[in-house]
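*Asks:* Right, I'll just put the structure down here and ask away after.
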Amino acid sequence: MNYHKNIIEQIGNTPLIKLQKASEETGCLILAKCENLNPGGSIKDRTALGLIRNAEANGTLKPGGTIVEGTAGNTGIGLALVGNALGYKTVIFMPETQSAEKIDTLRMYGADVRLVPAVPFRDPNNYVHQSERLAKEMKARGECVVWMQQFDNTANSDWHYKTTGPEIWEQTNGKLDAFAFASGTGGTISGVGRYLKEQNKDITIALTDPTGSGLYNYYEHGEMKVEGSSISEGIGTSRITANMALAIVDKAFQIPDEESLPIIYDLMRYEGLNVGGSSGVNVAGAIQLAKKLGPGKTIVTVLCDLGTRYKNKLANPDFLRAKGLPVAPWFE
């Protein structure tokens, strides 16, 4: 009989598909790894599995234990999904500005969701710091608890090095010229980038960065300078995390919402791909990179999660118009 022992075995080994319009527009072969097809709907299922397996291996997470994390949502969903399958409880701190769909999904999985004001990382009440404090308090009481620390726990990057990178290399038969991806924690771009560079040092690793993040200016101009804002969630930052410190970045592209949103709409309408904001940023960056490298190249990017996770933004014409952003043509 052919079956999985549990849902965890469905995480990863996602398909790589050609993006028709982006490829035609650039004369390049632009391929997208469909991480939105993971069981929890995002690439963070993969990250969560790696973090949990690492905690189990080093003995900090034991049967019946509790996982505590600060997250914009998708990592929390992944931790809750994997945690449920393995018998762990989850406590998730999230900025209250994140999408209602992600919050509701976490609650459906039975996670203890704690919404906190959205404040900068330097503020002690930032969601990451609050999650760390709770984990320390629980540990002081003798409870089995692990603070996953996805931003600075390099097990994140290492898992993408061990899984995502090799999958991309195998799926392309090693015939790729570039990889374009955004940074949230920095785990994917650093892990995949390290693996691909080891296979072929000439592969270009490009950062796709939304406005409102400081990384574009850091890598292109040497200054952590923030410009503008974005409605995208889970990507962009103004600090170099421990995971991002491992990244090899050859080029960086700054992507405003005005550029990424029409791409999201085209992917949905013409290619049947339901994706969130970060995917639009990734594809826009891949297109910019293709135009810079010239025709005939093969560029891989990632569709990070499902657009249904952001329907109150992406499918809300009033919200978009209020911000002066493009609205999907079928809403006009």
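Going by the structure tokens order, chains are called A, B, ..., each with residues numbered from 1, while ligands are numbered from 1 in the order shown.
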Which residues are close to segment 190-207 of chain A, i.e. within 7 Å by only C-alpha atoms, leaving aside same-chain residues fewer than 4 positions away? Reply as a PyMOL selection string.

*Replies:* chain A and resi 157-158+160-161+164-165+177-182+186+243-244+246-253

*Asks:* In segment 201-278 of chain A, what's helix (DSSP H, G or I) per DSSP? Answer as a list in words?

*Replies:*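 Assigned to helix (DSSP H, G or I), within segment 201-278 of chain A: Leu215, Tyr216, Asn217, Tyr218, Tyr219, Glu220, His221, Met244, Ala245, Leu246, Asp257, Glu258, Glu259, Ser260, Leu261, Pro262, Ile263, Ile264, Tyr265, Asp266, Leu267, Met268, Arg269, Tyr270, Glu271, Gly277 and Ser278 of chain A.
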
*Asks:* Could the residues in this selection be written to a file with N, CA and C atoms, as a PDB file, in the first residue's frame?

*Replies:*
ATOM      1  N   LEU A 215      16.873  45.925   3.802  1.00  0.00           N
ATOM      2  CA  LEU A 215      17.887  45.012   3.280  1.00  0.00           C
ATOM      3  C   LEU A 215      18.390  45.395   1.889  1.00  0.00           C
ATOM      4  N   TYR A 216      17.495  45.887   1.030  1.00  0.00           N
ATOM      5  CA  TYR A 216      17.933  46.277  -0.317  1.00  0.00           C
ATOM      6  C   TYR A 216      19.069  47.293  -0.231  1.00  0.00           C
ATOM      7  N   ASN A 217      18.861  48.338   0.528  1.00  0.00           N
ATOM      8  CA  ASN A 217      19.900  49.366   0.637  1.00  0.00           C
ATOM      9  C   ASN A 217      21.152  48.837   1.319  1.00  0.00           C
ATOM     10  N   TYR A 218      20.981  47.909   2.237  1.00  0.00           N
ATOM     11  CA  TYR A 218      22.141  47.338   2.923  1.00  0.00           C
ATOM     12  C   TYR A 218      23.039  46.587   1.938  1.00  0.00           C
ATOM     13  N   TYR A 219      22.436  45.753   1.099  1.00  0.00           N
ATOM     14  CA  TYR A 219      23.242  44.940   0.189  1.00  0.00           C
ATOM     15  C   TYR A 219      23.701  45.700  -1.053  1.00  0.00           C
ATOM     16  N   GLU A 220      22.936  46.684  -1.474  1.00  0.00           N
ATOM     17  CA  GLU A 220      23.319  47.438  -2.665  1.00  0.00           C
ATOM     18  C   GLU A 220      24.162  48.670  -2.348  1.00  0.00           C
ATOM     19  N   HIS A 221      23.940  49.280  -1.177  1.00  0.00           N
ATOM     20  CA  HIS A 221      24.610  50.545  -0.866  1.00  0.00           C
ATOM     21  C   HIS A 221      25.324  50.560   0.478  1.00  0.00           C
ATOM     22  N   MET A 244      20.397  35.272   8.227  1.00  0.00           N
ATOM     23  CA  MET A 244      20.743  36.117   7.080  1.00  0.00           C
ATOM     24  C   MET A 244      22.240  36.376   7.007  1.00  0.00           C
ATOM     25  N   ALA A 245      22.910  36.328   8.145  1.00  0.00           N
ATOM     26  CA  ALA A 245      24.362  36.543   8.162  1.00  0.00           C
ATOM     27  C   ALA A 245      25.097  35.452   7.386  1.00  0.00           C
ATOM     28  N   LEU A 246      24.433  34.318   7.181  1.00  0.00           N
ATOM     29  CA  LEU A 246      25.031  33.213   6.428  1.00  0.00           C
ATOM     30  C   LEU A 246      24.794  33.336   4.930  1.00  0.00           C
ATOM     31  N   ASP A 257       4.830  47.631  -3.843  1.00  0.00           N
ATOM     32  CA  ASP A 257       3.550  46.939  -4.014  1.00  0.00           C
ATOM     33  C   ASP A 257       2.946  47.201  -5.395  1.00  0.00           C
ATOM     34  N   GLU A 258       3.174  48.399  -5.925  1.00  0.00           N
ATOM     35  CA  GLU A 258       2.619  48.743  -7.234  1.00  0.00           C
ATOM     36  C   GLU A 258       3.149  47.821  -8.331  1.00  0.00           C
ATOM     37  N   GLU A 259       4.317  47.242  -8.102  1.00  0.00           N
ATOM     38  CA  GLU A 259       4.908  46.324  -9.071  1.00  0.00           C
ATOM     39  C   GLU A 259       4.509  44.873  -8.798  1.00  0.00           C
ATOM     40  N   SER A 260       4.431  44.498  -7.537  1.00  0.00           N
ATOM     41  CA  SER A 260       4.180  43.096  -7.198  1.00  0.00           C
ATOM     42  C   SER A 260       2.705  42.705  -7.289  1.00  0.00           C
ATOM     43  N   LEU A 261       1.792  43.613  -6.967  1.00  0.00           N
ATOM     44  CA  LEU A 261       0.374  43.258  -6.966  1.00  0.00           C
ATOM     45  C   LEU A 261      -0.146  42.843  -8.342  1.00  0.00           C
ATOM     46  N   PRO A 262       0.154  43.574  -9.425  1.00  0.00           N
ATOM     47  CA  PRO A 262      -0.316  43.119 -10.742  1.00  0.00           C
ATOM     48  C   PRO A 262       0.212  41.729 -11.107  1.00  0.00           C
ATOM     49  N   ILE A 263       1.405  41.394 -10.637  1.00  0.00           N
ATOM     50  CA  ILE A 263       1.965  40.061 -10.894  1.00  0.00           C
ATOM     51  C   ILE A 263       1.141  38.999 -10.170  1.00  0.00           C
ATOM     52  N   ILE A 264       0.769  39.283  -8.927  1.00  0.00           N
ATOM     53  CA  ILE A 264      -0.080  38.356  -8.163  1.00  0.00           C
ATOM     54  C   ILE A 264      -1.395  38.118  -8.906  1.00  0.00           C
ATOM     55  N   TYR A 265      -1.998  39.190  -9.396  1.00  0.00           N
ATOM     56  CA  TYR A 265      -3.282  39.071 -10.103  1.00  0.00           C
ATOM     57  C   TYR A 265      -3.118  38.250 -11.385  1.00  0.00           C
ATOM     58  N   ASP A 266      -2.019  38.485 -12.122  1.00  0.00           N
ATOM     59  CA  ASP A 266      -1.784  37.724 -13.350  1.00  0.00           C
ATOM     60  C   ASP A 266      -1.568  36.240 -13.061  1.00  0.00           C
ATOM     61  N   LEU A 267      -0.831  35.937 -11.991  1.00  0.00           N
ATOM     62  CA  LEU A 267      -0.597  34.543 -11.635  1.00  0.00           C
ATOM     63  C   LEU A 267      -1.915  33.842 -11.322  1.00  0.00           C
ATOM     64  N   MET A 268      -2.811  34.548 -10.660  1.00  0.00           N
ATOM     65  CA  MET A 268      -4.104  33.957 -10.317  1.00  0.00           C
ATOM     66  C   MET A 268      -4.972  33.779 -11.563  1.00  0.00           C
ATOM     67  N   ARG A 269      -5.098  34.848 -12.340  1.00  0.00           N
ATOM     68  CA  ARG A 269      -6.065  34.842 -13.437  1.00  0.00           C
ATOM     69  C   ARG A 269      -5.622  34.004 -14.623  1.00  0.00           C
ATOM     70  N   TYR A 270      -4.325  34.073 -14.960  1.00  0.00           N
ATOM     71  CA  TYR A 270      -3.872  33.430 -16.191  1.00  0.00           C
ATOM     72  C   TYR A 270      -3.140  32.110 -15.975  1.00  0.00           C
ATOM     73  N   GLU A 271      -2.673  31.860 -14.739  1.00  0.00           N
ATOM     74  CA  GLU A 271      -1.914  30.633 -14.515  1.00  0.00           C
ATOM     75  C   GLU A 271      -2.498  29.771 -13.400  1.00  0.00           C
ATOM     76  N   GLY A 277       1.412  37.923  -0.950  1.00  0.00           N
ATOM     77  CA  GLY A 277       2.215  39.079  -1.314  1.00  0.00           C
ATOM     78  C   GLY A 277       3.690  38.791  -1.523  1.00  0.00           C
ATOM     79  N   SER A 278       4.271  37.937  -0.693  1.00  0.00           N
ATOM     80  CA  SER A 278       5.699  37.652  -0.830  1.00  0.00           C
ATOM     81  C   SER A 278       6.010  36.987  -2.162  1.00  0.00           C
TER      82      SER A 278
END

*Asks:* If we count only C-alpha atoms, what is near Asn126 of chain A at a cut-off of 10 Å, once residues fewer than 4 positions away on the same chain are taken out, given as a PyMOL selection string?

*Replies:* chain A and resi 70+93-95+116-122+130-131

*Asks:* Tell me which of A:Pro210, A:Pro15, A:Pro63, A:Gly27 sits closest to Ser279 of chain A, counting only C-alpha atoms.

*Replies:*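 Closest candidate: A:Pro210.
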
*Asks:* Find the distance between atom CA of Leu320 of chain A and atom CA of Ser229 of chain A and write it in Å to one decimal.

*Replies:*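 Between atom CA of Leu320 of chain A and atom CA of Ser229 of chain A the gap works out to 13.5 Å.
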
*Asks:* Which residues are close to Pro39 of chain A, i.e. within 9 Å by only C-alpha atoms, leaving aside same-chain residues fewer than 2 positions away? Reply as a list in words.

*Replies:*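 Counting only C-alpha atoms, the residues come to Ile7, Ile8, Gln10, Ile11, Asn36, Leu37, Gly41, Ser42, Asp45, Gly78 and Leu81 of chain A.
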
*Asks:* I need the residue nearest Gly64 of chain A from this list: A:Asn84, A:Asn13, A:Asn312, A:Asn282. Use only C-alpha atoms for the distance.

*Replies:*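 For Gly64 of chain A, the nearest of the candidates is A:Asn84.
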
*Asks:* Using atom CA of Glu56 of chain A and atom CA of Glu132 of chain A as the two end points, give the distance in Å to one decimal.

*Replies:*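 Atom-to-atom, atom CA of Glu56 of chain A to atom CA of Glu132 of chain A, that is 18.7 Å.
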
*Asks:* For each of A:Leu115, A:Leu49, A:Ile43, A:Ile287, take the minimum atom-to-atom distance to Gln20 of chain A, counting only C-alpha atoms, then give the residue where this is smallest.

*Replies:*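 Answer, going by the shortest atom-to-atom distance: A:Ile287.
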
*Asks:* Could you check the closest approach to Val226 of chain A for each of A:Arg309, A:Lys33, A:Arg107, A:Arg239 and tell me which residue wins, using only C-alpha atoms?

*Replies:*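 Of A:Arg309, A:Lys33, A:Arg107, A:Arg239, the one nearest Val226 of chain A, counting only C-alpha atoms, is A:Arg239.
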
*Asks:* Segment 146-281 of chain A: which residues are strand (DSSP E or B) by DSSP, as a ChimeraX atom specification?

*Replies:* /A:146-147,178-181,204-210,251-255
